[in-house]
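Quick look at work28.cif (mmCIF, C-alpha atoms):
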```
data_query
loop_
_atom_site.label_atom_id
_atom_site.label_comp_id
_atom_site.auth_asym_id
_atom_site.auth_seq_id
_atom_site.Cartn_x
_atom_site.Cartn_y
_atom_site.Cartn_z
CA MET A 1 -12.83 11.06 9.69
CA GLU A 2 -12.64 14.20 7.52
CA ASN A 3 -11.62 14.99 3.96
CA MET A 4 -8.30 16.70 3.35
CA THR A 5 -8.26 19.91 1.36
CA PRO A 6 -6.26 19.91 -1.90
CA ALA A 7 -3.49 21.85 -0.13
CA GLU A 8 -3.41 19.26 2.64
CA VAL A 9 -3.16 16.49 0.04
CA LYS A 10 -0.12 18.13 -1.55
CA THR A 11 1.56 18.61 1.82
CA PHE A 12 0.74 15.04 2.79
CA LEU A 13 2.28 13.64 -0.39
CA MET A 14 5.31 15.92 -0.60
CA GLY A 15 6.03 16.77 3.04
CA GLN A 16 7.51 14.16 5.36
CA VAL A 17 8.69 11.39 3.05
CA LYS A 18 6.48 8.34 2.71
CA THR A 19 6.45 5.58 0.11
CA GLY A 20 3.55 5.07 -2.26
CA LYS A 21 1.93 1.65 -2.49
CA LEU A 22 1.26 1.06 -6.16
CA ALA A 23 -1.54 -1.34 -7.05
CA THR A 24 -1.78 -2.86 -10.51
CA VAL A 25 -3.46 -5.94 -11.97
CA ARG A 26 -1.70 -9.03 -13.30
CA ALA A 27 -2.56 -10.77 -16.58
CA ASP A 28 -4.61 -13.38 -14.70
CA GLY A 29 -6.59 -10.70 -12.85
CA ARG A 30 -4.79 -10.95 -9.50
CA PRO A 31 -4.02 -7.65 -7.74
CA HIS A 32 -0.39 -6.68 -7.11
CA VAL A 33 0.92 -4.01 -4.72
CA VAL A 34 4.47 -2.85 -4.01
CA PRO A 35 6.10 0.23 -2.48
CA VAL A 36 7.41 2.89 -4.86
CA TRP A 37 9.52 5.97 -4.31
CA PHE A 38 7.78 8.89 -5.98
CA THR A 39 7.82 12.61 -6.47
CA MET A 40 5.36 15.02 -8.08
CA ASP A 41 5.39 17.22 -11.16
CA GLY A 42 2.38 19.48 -10.77
CA ASP A 43 -0.48 17.11 -10.02
CA ASP A 44 1.21 14.05 -11.55
CA LEU A 45 3.09 11.42 -9.57
CA LEU A 46 6.36 10.17 -11.02
CA PHE A 47 8.38 7.08 -10.26
CA ASN A 48 10.95 4.83 -11.91
CA THR A 49 10.78 1.15 -12.66
CA TRP A 50 12.71 -1.45 -14.62
CA HIS A 51 10.88 -2.32 -17.84
CA THR A 52 10.49 -6.02 -17.01
CA SER A 53 9.31 -5.62 -13.40
CA VAL A 54 5.92 -7.10 -12.54
CA LYS A 55 4.47 -3.61 -12.08
CA ALA A 56 5.90 -2.41 -15.41
CA LYS A 57 4.41 -5.34 -17.28
CA ASN A 58 1.07 -4.84 -15.54
CA MET A 59 0.98 -1.13 -16.41
CA GLN A 60 1.99 -1.79 -20.01
CA ARG A 61 -0.99 -4.13 -20.29
CA ASP A 62 -3.43 -1.81 -18.45
CA PRO A 63 -2.46 1.78 -17.63
CA ARG A 64 -4.98 2.12 -14.81
CA VAL A 65 -3.33 2.23 -11.37
CA CYS A 66 -4.21 3.04 -7.79
CA ILE A 67 -1.67 4.43 -5.30
CA CYS A 68 -2.07 4.65 -1.54
CA VAL A 69 0.05 6.81 0.76
CA ASP A 70 -0.76 6.72 4.45
CA ASP A 71 0.22 7.91 7.90
CA GLU A 72 0.40 4.75 10.02
CA ALA A 73 0.07 6.40 13.45
CA PRO A 74 -2.99 7.77 15.30
CA PRO A 75 -5.11 9.59 14.28
CA PHE A 76 -4.25 7.95 10.89
CA SER A 77 -4.74 9.47 7.46
CA PHE A 78 -4.37 8.38 3.88
CA VAL A 79 -4.48 9.56 0.28
CA GLN A 80 -5.65 7.20 -2.44
CA ILE A 81 -4.93 8.24 -6.02
CA GLU A 82 -6.52 6.57 -9.00
CA GLY A 83 -4.94 7.43 -12.30
CA THR A 84 -3.58 6.36 -15.64
CA VAL A 85 0.07 6.04 -16.52
CA THR A 86 2.25 7.03 -19.42
CA PHE A 87 5.89 6.00 -19.87
CA SER A 88 9.06 7.76 -20.89
CA ASP A 89 12.31 6.05 -21.84
CA ASP A 90 14.11 9.37 -22.46
CA LEU A 91 17.35 8.97 -20.52
CA ALA A 92 17.79 12.65 -19.68
CA GLU A 93 14.26 12.83 -18.34
CA ILE A 94 14.61 9.58 -16.40
CA ARG A 95 17.92 10.74 -14.92
CA HIS A 96 16.46 14.11 -13.93
CA TRP A 97 13.55 12.63 -12.04
CA ALA A 98 15.52 9.73 -10.60
CA THR A 99 17.90 12.28 -9.11
CA GLU A 100 14.97 14.15 -7.57
CA ILE A 101 13.51 10.94 -6.20
CA GLY A 102 16.84 9.69 -4.90
CA GLY A 103 17.37 12.95 -3.04
CA ARG A 104 13.94 12.75 -1.50
CA TYR A 105 14.31 9.22 -0.13
CA MET A 106 18.07 8.85 0.37
CA GLY A 107 19.20 12.40 1.08
CA ALA A 108 20.79 15.09 -1.09
CA GLU A 109 24.28 13.58 -0.91
CA GLN A 110 23.10 10.37 -2.61
CA ALA A 111 20.75 11.98 -5.14
CA GLN A 112 23.18 12.09 -8.05
CA ALA A 113 24.41 8.53 -7.59
CA PHE A 114 20.82 7.33 -7.50
CA GLY A 115 19.99 9.32 -10.63
CA GLU A 116 22.93 7.83 -12.50
CA ARG A 117 22.20 4.29 -11.38
CA ASN A 118 18.58 4.59 -12.53
CA GLY A 119 19.17 6.69 -15.63
CA VAL A 120 20.08 3.70 -17.80
CA PRO A 121 18.50 2.03 -20.82
CA GLY A 122 15.75 -0.34 -19.73
CA GLU A 123 14.63 1.89 -16.90
CA LEU A 124 11.28 3.66 -17.35
CA LEU A 125 9.88 6.89 -15.97
CA VAL A 126 6.23 6.37 -15.09
CA ARG A 127 3.91 9.38 -14.93
CA VAL A 128 0.61 8.90 -13.12
CA THR A 129 -2.06 11.42 -14.08
CA PRO A 130 -4.72 11.36 -11.36
CA THR A 131 -8.33 10.77 -12.33
CA LYS A 132 -9.70 10.64 -8.77
CA ILE A 133 -8.30 11.37 -5.32
CA LEU A 134 -9.73 10.18 -2.01
CA ALA A 135 -8.02 11.84 0.98
CA LYS A 136 -9.05 11.22 4.58
CA LYS A 137 -7.58 12.54 7.82
CA ASN A 138 -8.30 11.80 11.49
CA VAL A 139 -9.54 8.34 10.50
CA SER A 140 -9.61 7.07 14.09
CA ALA A 141 -10.78 10.31 15.71
CA MET B 1 18.55 -6.11 -0.97
CA GLU B 2 18.12 -9.40 0.91
CA ASN B 3 15.29 -11.79 1.66
CA MET B 4 13.83 -11.85 5.17
CA THR B 5 13.70 -15.15 7.01
CA PRO B 6 10.24 -16.44 8.02
CA ALA B 7 10.96 -15.33 11.61
CA GLU B 8 11.87 -11.86 10.37
CA VAL B 9 8.65 -11.70 8.38
CA LYS B 10 6.59 -12.48 11.48
CA THR B 11 8.43 -9.87 13.55
CA PHE B 12 8.07 -7.33 10.75
CA LEU B 13 4.31 -7.89 10.53
CA MET B 14 3.56 -8.17 14.24
CA GLY B 15 6.27 -6.02 15.86
CA GLN B 16 6.13 -2.25 15.59
CA VAL B 17 2.62 -1.50 14.35
CA LYS B 18 2.21 -0.75 10.65
CA THR B 19 -0.88 -0.72 8.46
CA GLY B 20 -1.35 -3.16 5.62
CA LYS B 21 -2.15 -1.84 2.17
CA LEU B 22 -4.79 -4.15 0.74
CA ALA B 23 -5.02 -4.39 -3.04
CA THR B 24 -8.12 -5.79 -4.71
CA VAL B 25 -9.64 -5.52 -8.18
CA ARG B 26 -12.85 -3.69 -9.08
CA ALA B 27 -15.58 -5.09 -11.33
CA ASP B 28 -14.23 -3.10 -14.28
CA GLY B 29 -10.69 -4.41 -13.75
CA ARG B 30 -9.23 -1.32 -12.08
CA PRO B 31 -6.93 -1.92 -9.10
CA HIS B 32 -7.93 -0.59 -5.67
CA VAL B 33 -5.69 -0.16 -2.62
CA VAL B 34 -6.49 1.08 0.90
CA PRO B 35 -4.89 0.82 4.34
CA VAL B 36 -6.21 -1.85 6.70
CA TRP B 37 -5.60 -2.55 10.36
CA PHE B 38 -4.70 -6.20 10.72
CA THR B 39 -3.50 -8.85 13.10
CA MET B 40 -2.42 -12.44 12.61
CA ASP B 41 -3.79 -15.83 13.62
CA GLY B 42 -0.99 -18.27 12.90
CA ASP B 43 0.03 -17.50 9.33
CA ASP B 44 -3.28 -15.86 8.38
CA LEU B 45 -3.89 -12.12 8.34
CA LEU B 46 -7.17 -10.89 9.77
CA PHE B 47 -8.96 -7.59 9.38
CA ASN B 48 -12.47 -6.15 9.59
CA THR B 49 -14.49 -4.40 6.95
CA TRP B 50 -18.03 -3.22 6.42
CA HIS B 51 -19.86 -5.53 4.02
CA THR B 52 -20.61 -2.83 1.44
CA SER B 53 -17.14 -1.23 1.34
CA VAL B 54 -15.38 -1.18 -2.03
CA LYS B 55 -12.83 -3.69 -0.77
CA ALA B 56 -15.54 -6.01 0.59
CA LYS B 57 -17.39 -6.00 -2.70
CA ASN B 58 -14.18 -6.61 -4.61
CA MET B 59 -13.19 -9.56 -2.38
CA GLN B 60 -16.68 -11.06 -2.59
CA ARG B 61 -16.34 -11.03 -6.37
CA ASP B 62 -12.74 -12.32 -6.42
CA PRO B 63 -11.10 -13.64 -3.23
CA ARG B 64 -7.55 -13.09 -4.48
CA VAL B 65 -5.81 -10.22 -2.67
CA CYS B 66 -2.34 -8.76 -2.29
CA ILE B 67 -1.22 -6.94 0.88
CA CYS B 68 1.88 -4.81 1.27
CA VAL B 69 3.42 -3.78 4.59
CA ASP B 70 6.55 -1.66 4.46
CA ASP B 71 9.12 0.26 6.46
CA GLU B 72 9.27 3.69 4.84
CA ALA B 73 12.68 4.76 6.17
CA PRO B 74 16.22 3.80 5.05
CA PRO B 75 17.32 1.10 4.51
CA PHE B 76 13.67 0.29 3.58
CA SER B 77 12.01 -3.11 3.73
CA PHE B 78 8.69 -4.61 2.77
CA VAL B 79 6.57 -7.74 2.94
CA GLN B 80 4.15 -8.52 0.13
CA ILE B 81 1.55 -11.20 0.82
CA GLU B 82 -0.57 -12.76 -1.90
CA GLY B 83 -3.47 -14.78 -0.63
CA THR B 84 -7.11 -15.71 -0.79
CA VAL B 85 -9.78 -14.53 1.60
CA THR B 86 -12.65 -16.12 3.44
CA PHE B 87 -15.28 -14.22 5.42
CA SER B 88 -16.95 -14.65 8.78
CA ASP B 89 -20.04 -12.81 9.96
CA ASP B 90 -20.04 -14.54 13.35
CA LEU B 91 -20.43 -11.66 15.79
CA ALA B 92 -18.48 -13.24 18.65
CA GLU B 93 -15.57 -13.97 16.33
CA ILE B 94 -15.69 -10.53 14.76
CA ARG B 95 -15.80 -8.89 18.18
CA HIS B 96 -12.89 -10.98 19.44
CA TRP B 97 -10.61 -10.07 16.57
CA ALA B 98 -11.77 -6.44 16.36
CA THR B 99 -10.81 -6.08 20.02
CA GLU B 100 -7.35 -7.51 19.28
CA ILE B 101 -6.94 -5.20 16.30
CA GLY B 102 -8.22 -2.15 18.16
CA GLY B 103 -5.73 -2.76 20.95
CA ARG B 104 -2.90 -3.10 18.48
CA TYR B 105 -3.57 0.17 16.65
CA MET B 106 -5.27 2.32 19.27
CA GLY B 107 -3.82 1.04 22.55
CA ALA B 108 -5.13 -1.39 25.16
CA GLU B 109 -7.44 1.14 26.81
CA GLN B 110 -9.44 1.57 23.60
CA ALA B 111 -9.45 -2.08 22.52
CA GLN B 112 -12.81 -3.02 23.98
CA ALA B 113 -14.61 0.05 22.64
CA PHE B 114 -13.20 -0.67 19.20
CA GLY B 115 -14.26 -4.31 19.43
CA GLU B 116 -17.81 -3.35 20.37
CA ARG B 117 -18.08 -0.69 17.68
CA ASN B 118 -16.94 -3.18 15.01
CA GLY B 119 -18.70 -6.27 16.36
CA VAL B 120 -22.04 -5.40 14.81
CA PRO B 121 -24.20 -6.99 12.09
CA GLY B 122 -22.96 -5.94 8.66
CA GLU B 123 -19.31 -5.99 9.68
CA LEU B 124 -17.18 -8.82 8.28
CA LEU B 125 -14.07 -10.55 9.54
CA VAL B 126 -11.75 -11.19 6.60
CA ARG B 127 -9.16 -13.97 6.86
CA VAL B 128 -6.31 -13.89 4.35
CA THR B 129 -4.59 -17.24 3.85
CA PRO B 130 -1.22 -16.55 2.24
CA THR B 131 -0.34 -18.33 -0.98
CA LYS B 132 2.97 -16.52 -1.58
CA ILE B 133 5.12 -14.14 0.45
CA LEU B 134 7.83 -11.83 -0.91
CA ALA B 135 9.88 -10.22 1.88
CA LYS B 136 12.82 -7.91 1.24
CA LYS B 137 15.05 -6.02 3.66
CA ASN B 138 17.82 -3.48 3.16
CA VAL B 139 16.26 -2.46 -0.15
CA SER B 140 18.42 0.66 -0.50
CA ALA B 141 21.62 -0.83 0.94
#
```
What would the structure in this file look like if it were written as structure tokens?
Amino acid sequence: MENMTPAEVKTFLMGQVKTGKLATVRADGRPHVVPVWFTMDGDDLLFNTWHTSVKAKNMQRDPRVCICVDDEAPPFSFVQIEGTVTFSDDLAEIRHWATEIGGRYMGAEQAQAFGERNGVPGELLVRVTPTKILAKKNVSA
Amino acid sequence: MENMTPAEVKTFLMGQVKTGKLATVRADGRPHVVPVWFTMDGDDLLFNTWHTSVKAKNMQRDPRVCICVDDEAPPFSFVQIEGTVTFSDDLAEIRHWATEIGGRYMGAEQAQAFGERNGVPGELLVRVTPTKILAKKNVSA
């Protein structure tokens, strides 16, 4: 098992498309983890969520999150990002990033439709500013 | 987006090999998520961990966990398991399940070596007994 370089981390996160697994904490202290579609803006990770989703409510209560992205085949690798979130409900900004994200996960031809569907009042843009990154490659080597 | 049937959940978890993303909570309340190699024994999920790992310490403090397993390609699907963990430090049991898990992720020819490497004092077998399962298919359809 070896550490990835910062350049390898960026390629790992933004190259072949993978989902992020977003971990947050519920009001009663239980952990919660769900897949999210994300993109990056500089070093920040961005994703959309509906304002009443479990993850949205958890992040509004406590902005500390942890995201894991991994390669599930030998020799296995993963990036774990700890960070804090901020929210935007600016529709133009949400629509812009939702279009980017939709293109990444669903293909360019569906990007705009995805952006429009998610660029509506009640949807939030979540920006994760990393505080610590753990990135390991060749885990099983 | 549709719910999976219980049979679909089992096939999703035990068919084509995927890693689980295990979410736990740190002492200071921050969420933590890492990939784990798992298998199943009936409805329980089993995995190994070293007794001083971050996840082990978190689970020893609070046995409530959440695990996410997902298919990262269109039309996207995921299973989210909430549960509580119990530990075993019985070496024969650890070795048995580590061999199963090693075979699943690394191939049959490496199963025994993996079992022996992980069947050592200090390693723990973690058994997750599900309390709630959320299972969605055709997320983007």
Find the residues in chain B near chain A: any atom within 10 Å counts, using only C-alpha atoms. Write them as a PyMOL selection string.
chain B and resi 17-26+29-37+62-83+105-107+114+140
Chain B onto chain A, all Cα, least squares, as a PDB file with C-alpha atoms, in the frame of the given file:
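Final output, selection09.pdb:
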```
ATOM      1  CA  MET B   1     -12.868  11.070   9.701  1.00  0.00           C
ATOM      2  CA  GLU B   2     -12.640  14.184   7.512  1.00  0.00           C
ATOM      3  CA  ASN B   3     -11.636  14.980   3.956  1.00  0.00           C
ATOM      4  CA  MET B   4      -8.295  16.684   3.338  1.00  0.00           C
ATOM      5  CA  THR B   5      -8.255  19.906   1.360  1.00  0.00           C
ATOM      6  CA  PRO B   6      -6.267  19.910  -1.912  1.00  0.00           C
ATOM      7  CA  ALA B   7      -3.493  21.854  -0.132  1.00  0.00           C
ATOM      8  CA  GLU B   8      -3.415  19.246   2.625  1.00  0.00           C
ATOM      9  CA  VAL B   9      -3.171  16.486   0.041  1.00  0.00           C
ATOM     10  CA  LYS B  10      -0.131  18.123  -1.552  1.00  0.00           C
ATOM     11  CA  THR B  11       1.569  18.606   1.818  1.00  0.00           C
ATOM     12  CA  PHE B  12       0.745  15.031   2.797  1.00  0.00           C
ATOM     13  CA  LEU B  13       2.281  13.648  -0.401  1.00  0.00           C
ATOM     14  CA  MET B  14       5.313  15.922  -0.605  1.00  0.00           C
ATOM     15  CA  GLY B  15       6.035  16.771   3.049  1.00  0.00           C
ATOM     16  CA  GLN B  16       7.503  14.161   5.360  1.00  0.00           C
ATOM     17  CA  VAL B  17       8.705  11.395   3.053  1.00  0.00           C
ATOM     18  CA  LYS B  18       6.478   8.340   2.699  1.00  0.00           C
ATOM     19  CA  THR B  19       6.451   5.586   0.099  1.00  0.00           C
ATOM     20  CA  GLY B  20       3.543   5.075  -2.252  1.00  0.00           C
ATOM     21  CA  LYS B  21       1.944   1.658  -2.489  1.00  0.00           C
ATOM     22  CA  LEU B  22       1.260   1.064  -6.167  1.00  0.00           C
ATOM     23  CA  ALA B  23      -1.540  -1.343  -7.043  1.00  0.00           C
ATOM     24  CA  THR B  24      -1.780  -2.862 -10.506  1.00  0.00           C
ATOM     25  CA  VAL B  25      -3.468  -5.935 -11.966  1.00  0.00           C
ATOM     26  CA  ARG B  26      -1.709  -9.033 -13.297  1.00  0.00           C
ATOM     27  CA  ALA B  27      -2.573 -10.773 -16.569  1.00  0.00           C
ATOM     28  CA  ASP B  28      -4.623 -13.375 -14.695  1.00  0.00           C
ATOM     29  CA  GLY B  29      -6.606 -10.705 -12.833  1.00  0.00           C
ATOM     30  CA  ARG B  30      -4.805 -10.946  -9.492  1.00  0.00           C
ATOM     31  CA  PRO B  31      -4.024  -7.654  -7.737  1.00  0.00           C
ATOM     32  CA  HIS B  32      -0.390  -6.682  -7.119  1.00  0.00           C
ATOM     33  CA  VAL B  33       0.911  -4.018  -4.727  1.00  0.00           C
ATOM     34  CA  VAL B  34       4.471  -2.846  -4.006  1.00  0.00           C
ATOM     35  CA  PRO B  35       6.099   0.235  -2.484  1.00  0.00           C
ATOM     36  CA  VAL B  36       7.406   2.895  -4.864  1.00  0.00           C
ATOM     37  CA  TRP B  37       9.522   5.977  -4.334  1.00  0.00           C
ATOM     38  CA  PHE B  38       7.780   8.891  -5.987  1.00  0.00           C
ATOM     39  CA  THR B  39       7.812  12.618  -6.473  1.00  0.00           C
ATOM     40  CA  MET B  40       5.369  15.018  -8.076  1.00  0.00           C
ATOM     41  CA  ASP B  41       5.391  17.230 -11.158  1.00  0.00           C
ATOM     42  CA  GLY B  42       2.378  19.484 -10.764  1.00  0.00           C
ATOM     43  CA  ASP B  43      -0.481  17.107 -10.020  1.00  0.00           C
ATOM     44  CA  ASP B  44       1.212  14.053 -11.557  1.00  0.00           C
ATOM     45  CA  LEU B  45       3.081  11.413  -9.583  1.00  0.00           C
ATOM     46  CA  LEU B  46       6.357  10.181 -11.019  1.00  0.00           C
ATOM     47  CA  PHE B  47       8.387   7.090 -10.261  1.00  0.00           C
ATOM     48  CA  ASN B  48      10.962   4.833 -11.909  1.00  0.00           C
ATOM     49  CA  THR B  49      10.777   1.157 -12.657  1.00  0.00           C
ATOM     50  CA  TRP B  50      12.706  -1.431 -14.604  1.00  0.00           C
ATOM     51  CA  HIS B  51      10.882  -2.314 -17.819  1.00  0.00           C
ATOM     52  CA  THR B  52      10.490  -6.012 -16.995  1.00  0.00           C
ATOM     53  CA  SER B  53       9.306  -5.615 -13.382  1.00  0.00           C
ATOM     54  CA  VAL B  54       5.910  -7.095 -12.526  1.00  0.00           C
ATOM     55  CA  LYS B  55       4.471  -3.614 -12.078  1.00  0.00           C
ATOM     56  CA  ALA B  56       5.898  -2.415 -15.410  1.00  0.00           C
ATOM     57  CA  LYS B  57       4.404  -5.347 -17.259  1.00  0.00           C
ATOM     58  CA  ASN B  58       1.069  -4.847 -15.541  1.00  0.00           C
ATOM     59  CA  MET B  59       0.970  -1.118 -16.400  1.00  0.00           C
ATOM     60  CA  GLN B  60       1.976  -1.788 -20.008  1.00  0.00           C
ATOM     61  CA  ARG B  61      -1.003  -4.124 -20.283  1.00  0.00           C
ATOM     62  CA  ASP B  62      -3.441  -1.819 -18.447  1.00  0.00           C
ATOM     63  CA  PRO B  63      -2.469   1.784 -17.622  1.00  0.00           C
ATOM     64  CA  ARG B  64      -4.996   2.127 -14.800  1.00  0.00           C
ATOM     65  CA  VAL B  65      -3.328   2.235 -11.373  1.00  0.00           C
ATOM     66  CA  CYS B  66      -4.213   3.032  -7.781  1.00  0.00           C
ATOM     67  CA  ILE B  67      -1.657   4.424  -5.303  1.00  0.00           C
ATOM     68  CA  CYS B  68      -2.061   4.650  -1.550  1.00  0.00           C
ATOM     69  CA  VAL B  69       0.056   6.815   0.750  1.00  0.00           C
ATOM     70  CA  ASP B  70      -0.755   6.721   4.443  1.00  0.00           C
ATOM     71  CA  ASP B  71       0.225   7.902   7.898  1.00  0.00           C
ATOM     72  CA  GLU B  72       0.394   4.750  10.008  1.00  0.00           C
ATOM     73  CA  ALA B  73       0.082   6.387  13.438  1.00  0.00           C
ATOM     74  CA  PRO B  74      -2.983   7.761  15.289  1.00  0.00           C
ATOM     75  CA  PRO B  75      -5.096   9.576  14.272  1.00  0.00           C
ATOM     76  CA  PHE B  76      -4.252   7.935  10.890  1.00  0.00           C
ATOM     77  CA  SER B  77      -4.726   9.471   7.462  1.00  0.00           C
ATOM     78  CA  PHE B  78      -4.367   8.385   3.873  1.00  0.00           C
ATOM     79  CA  VAL B  79      -4.474   9.569   0.280  1.00  0.00           C
ATOM     80  CA  GLN B  80      -5.652   7.206  -2.438  1.00  0.00           C
ATOM     81  CA  ILE B  81      -4.934   8.242  -6.020  1.00  0.00           C
ATOM     82  CA  GLU B  82      -6.530   6.555  -9.010  1.00  0.00           C
ATOM     83  CA  GLY B  83      -4.946   7.426 -12.302  1.00  0.00           C
ATOM     84  CA  THR B  84      -3.584   6.366 -15.642  1.00  0.00           C
ATOM     85  CA  VAL B  85       0.072   6.048 -16.517  1.00  0.00           C
ATOM     86  CA  THR B  86       2.248   7.032 -19.424  1.00  0.00           C
ATOM     87  CA  PHE B  87       5.883   6.011 -19.860  1.00  0.00           C
ATOM     88  CA  SER B  88       9.064   7.762 -20.897  1.00  0.00           C
ATOM     89  CA  ASP B  89      12.315   6.063 -21.831  1.00  0.00           C
ATOM     90  CA  ASP B  90      14.107   9.360 -22.466  1.00  0.00           C
ATOM     91  CA  LEU B  91      17.347   8.969 -20.528  1.00  0.00           C
ATOM     92  CA  ALA B  92      17.803  12.652 -19.689  1.00  0.00           C
ATOM     93  CA  GLU B  93      14.266  12.834 -18.332  1.00  0.00           C
ATOM     94  CA  ILE B  94      14.616   9.594 -16.410  1.00  0.00           C
ATOM     95  CA  ARG B  95      17.916  10.742 -14.928  1.00  0.00           C
ATOM     96  CA  HIS B  96      16.470  14.111 -13.938  1.00  0.00           C
ATOM     97  CA  TRP B  97      13.543  12.635 -12.062  1.00  0.00           C
ATOM     98  CA  ALA B  98      15.522   9.720 -10.594  1.00  0.00           C
ATOM     99  CA  THR B  99      17.907  12.283  -9.114  1.00  0.00           C
ATOM    100  CA  GLU B 100      14.967  14.167  -7.574  1.00  0.00           C
ATOM    101  CA  ILE B 101      13.515  10.946  -6.197  1.00  0.00           C
ATOM    102  CA  GLY B 102      16.852   9.694  -4.895  1.00  0.00           C
ATOM    103  CA  GLY B 103      17.390  12.949  -3.033  1.00  0.00           C
ATOM    104  CA  ARG B 104      13.948  12.754  -1.503  1.00  0.00           C
ATOM    105  CA  TYR B 105      14.315   9.219  -0.139  1.00  0.00           C
ATOM    106  CA  MET B 106      18.054   8.851   0.373  1.00  0.00           C
ATOM    107  CA  GLY B 107      19.208  12.406   1.096  1.00  0.00           C
ATOM    108  CA  ALA B 108      20.798  15.081  -1.083  1.00  0.00           C
ATOM    109  CA  GLU B 109      24.289  13.584  -0.919  1.00  0.00           C
ATOM    110  CA  GLN B 110      23.110  10.376  -2.594  1.00  0.00           C
ATOM    111  CA  ALA B 111      20.764  11.968  -5.134  1.00  0.00           C
ATOM    112  CA  GLN B 112      23.184  12.087  -8.038  1.00  0.00           C
ATOM    113  CA  ALA B 113      24.414   8.519  -7.575  1.00  0.00           C
ATOM    114  CA  PHE B 114      20.820   7.330  -7.492  1.00  0.00           C
ATOM    115  CA  GLY B 115      19.995   9.323 -10.618  1.00  0.00           C
ATOM    116  CA  GLU B 116      22.931   7.827 -12.502  1.00  0.00           C
ATOM    117  CA  ARG B 117      22.193   4.286 -11.362  1.00  0.00           C
ATOM    118  CA  ASN B 118      18.561   4.598 -12.520  1.00  0.00           C
ATOM    119  CA  GLY B 119      19.164   6.678 -15.648  1.00  0.00           C
ATOM    120  CA  VAL B 120      20.099   3.706 -17.795  1.00  0.00           C
ATOM    121  CA  PRO B 121      18.511   2.022 -20.834  1.00  0.00           C
ATOM    122  CA  GLY B 122      15.762  -0.347 -19.723  1.00  0.00           C
ATOM    123  CA  GLU B 123      14.620   1.894 -16.888  1.00  0.00           C
ATOM    124  CA  LEU B 124      11.281   3.667 -17.346  1.00  0.00           C
ATOM    125  CA  LEU B 125       9.884   6.894 -15.972  1.00  0.00           C
ATOM    126  CA  VAL B 126       6.228   6.366 -15.086  1.00  0.00           C
ATOM    127  CA  ARG B 127       3.909   9.383 -14.928  1.00  0.00           C
ATOM    128  CA  VAL B 128       0.605   8.905 -13.116  1.00  0.00           C
ATOM    129  CA  THR B 129      -2.073  11.418 -14.088  1.00  0.00           C
ATOM    130  CA  PRO B 130      -4.716  11.363 -11.361  1.00  0.00           C
ATOM    131  CA  THR B 131      -8.323  10.760 -12.331  1.00  0.00           C
ATOM    132  CA  LYS B 132      -9.708  10.631  -8.773  1.00  0.00           C
ATOM    133  CA  ILE B 133      -8.295  11.365  -5.327  1.00  0.00           C
ATOM    134  CA  LEU B 134      -9.725  10.172  -2.002  1.00  0.00           C
ATOM    135  CA  ALA B 135      -8.020  11.843   0.978  1.00  0.00           C
ATOM    136  CA  LYS B 136      -9.033  11.216   4.580  1.00  0.00           C
ATOM    137  CA  LYS B 137      -7.578  12.546   7.823  1.00  0.00           C
ATOM    138  CA  ASN B 138      -8.301  11.794  11.468  1.00  0.00           C
ATOM    139  CA  VAL B 139      -9.531   8.335  10.490  1.00  0.00           C
ATOM    140  CA  SER B 140      -9.582   7.057  14.079  1.00  0.00           C
ATOM    141  CA  ALA B 141     -10.789  10.289  15.703  1.00  0.00           C
TER     142      ALA B 141
END
```
Nearest residue to Asp43 of chain B out of B:Asn58, B:Ala7, B:Ala92, B:Asn118, using only C-alpha atoms?
B:Ala7
Evaluate the PyMOL selection byres ((chain B and resi 128-132) around 7) against this structure - the residues, as a count of residues only, please.
13
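Going from atom CA of Met59 of chain B over to atom CA of Glu2 of chain A, you cover 25.7 Å.
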Using only C-alpha atoms, pick whichever of B:Met4, B:Ala27, B:Met14, B:Leu125 has the shortest atom-to-atom distance to Glu93 of chain B.
B:Leu125
Please identify all polymer residues within 10 Å of Gly102 of chain B, counting all atoms listed in the file, omitting same-chain residues fewer than 4 positions from it, and present them as an MDAnalysis selection string.
chainID B and resid 37:39 97:98 106:118
Please return segment 133-140 of chain A, rebuilt to N, CA and C atoms, as a PDB file, in the coordinates of the input.
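Output below, filename part22.pdb:
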```
ATOM      1  N   ILE A 133      -9.065  11.409  -6.574  1.00  0.00           N
ATOM      2  CA  ILE A 133      -8.300  11.370  -5.320  1.00  0.00           C
ATOM      3  C   ILE A 133      -9.262  11.284  -4.153  1.00  0.00           C
ATOM      4  N   LEU A 134      -8.989  10.337  -3.261  1.00  0.00           N
ATOM      5  CA  LEU A 134      -9.730  10.180  -2.010  1.00  0.00           C
ATOM      6  C   LEU A 134      -8.718  10.479  -0.902  1.00  0.00           C
ATOM      7  N   ALA A 135      -9.015  11.429  -0.020  1.00  0.00           N
ATOM      8  CA  ALA A 135      -8.020  11.840   0.980  1.00  0.00           C
ATOM      9  C   ALA A 135      -8.708  12.059   2.317  1.00  0.00           C
ATOM     10  N   LYS A 136      -8.371  11.211   3.287  1.00  0.00           N
ATOM     11  CA  LYS A 136      -9.050  11.220   4.580  1.00  0.00           C
ATOM     12  C   LYS A 136      -8.036  11.466   5.708  1.00  0.00           C
ATOM     13  N   LYS A 137      -8.425  12.315   6.646  1.00  0.00           N
ATOM     14  CA  LYS A 137      -7.580  12.540   7.820  1.00  0.00           C
ATOM     15  C   LYS A 137      -8.388  12.253   9.092  1.00  0.00           C
ATOM     16  N   ASN A 138      -7.653  12.101  10.201  1.00  0.00           N
ATOM     17  CA  ASN A 138      -8.300  11.800  11.490  1.00  0.00           C
ATOM     18  C   ASN A 138      -9.242  10.598  11.376  1.00  0.00           C
ATOM     19  N   VAL A 139      -8.732   9.539  10.758  1.00  0.00           N
ATOM     20  CA  VAL A 139      -9.540   8.340  10.500  1.00  0.00           C
ATOM     21  C   VAL A 139     -10.048   7.720  11.811  1.00  0.00           C
ATOM     22  N   SER A 140      -9.205   7.727  12.833  1.00  0.00           N
ATOM     23  CA  SER A 140      -9.610   7.070  14.090  1.00  0.00           C
ATOM     24  C   SER A 140     -10.184   8.041  15.095  1.00  0.00           C
TER      25      SER A 140
END
```
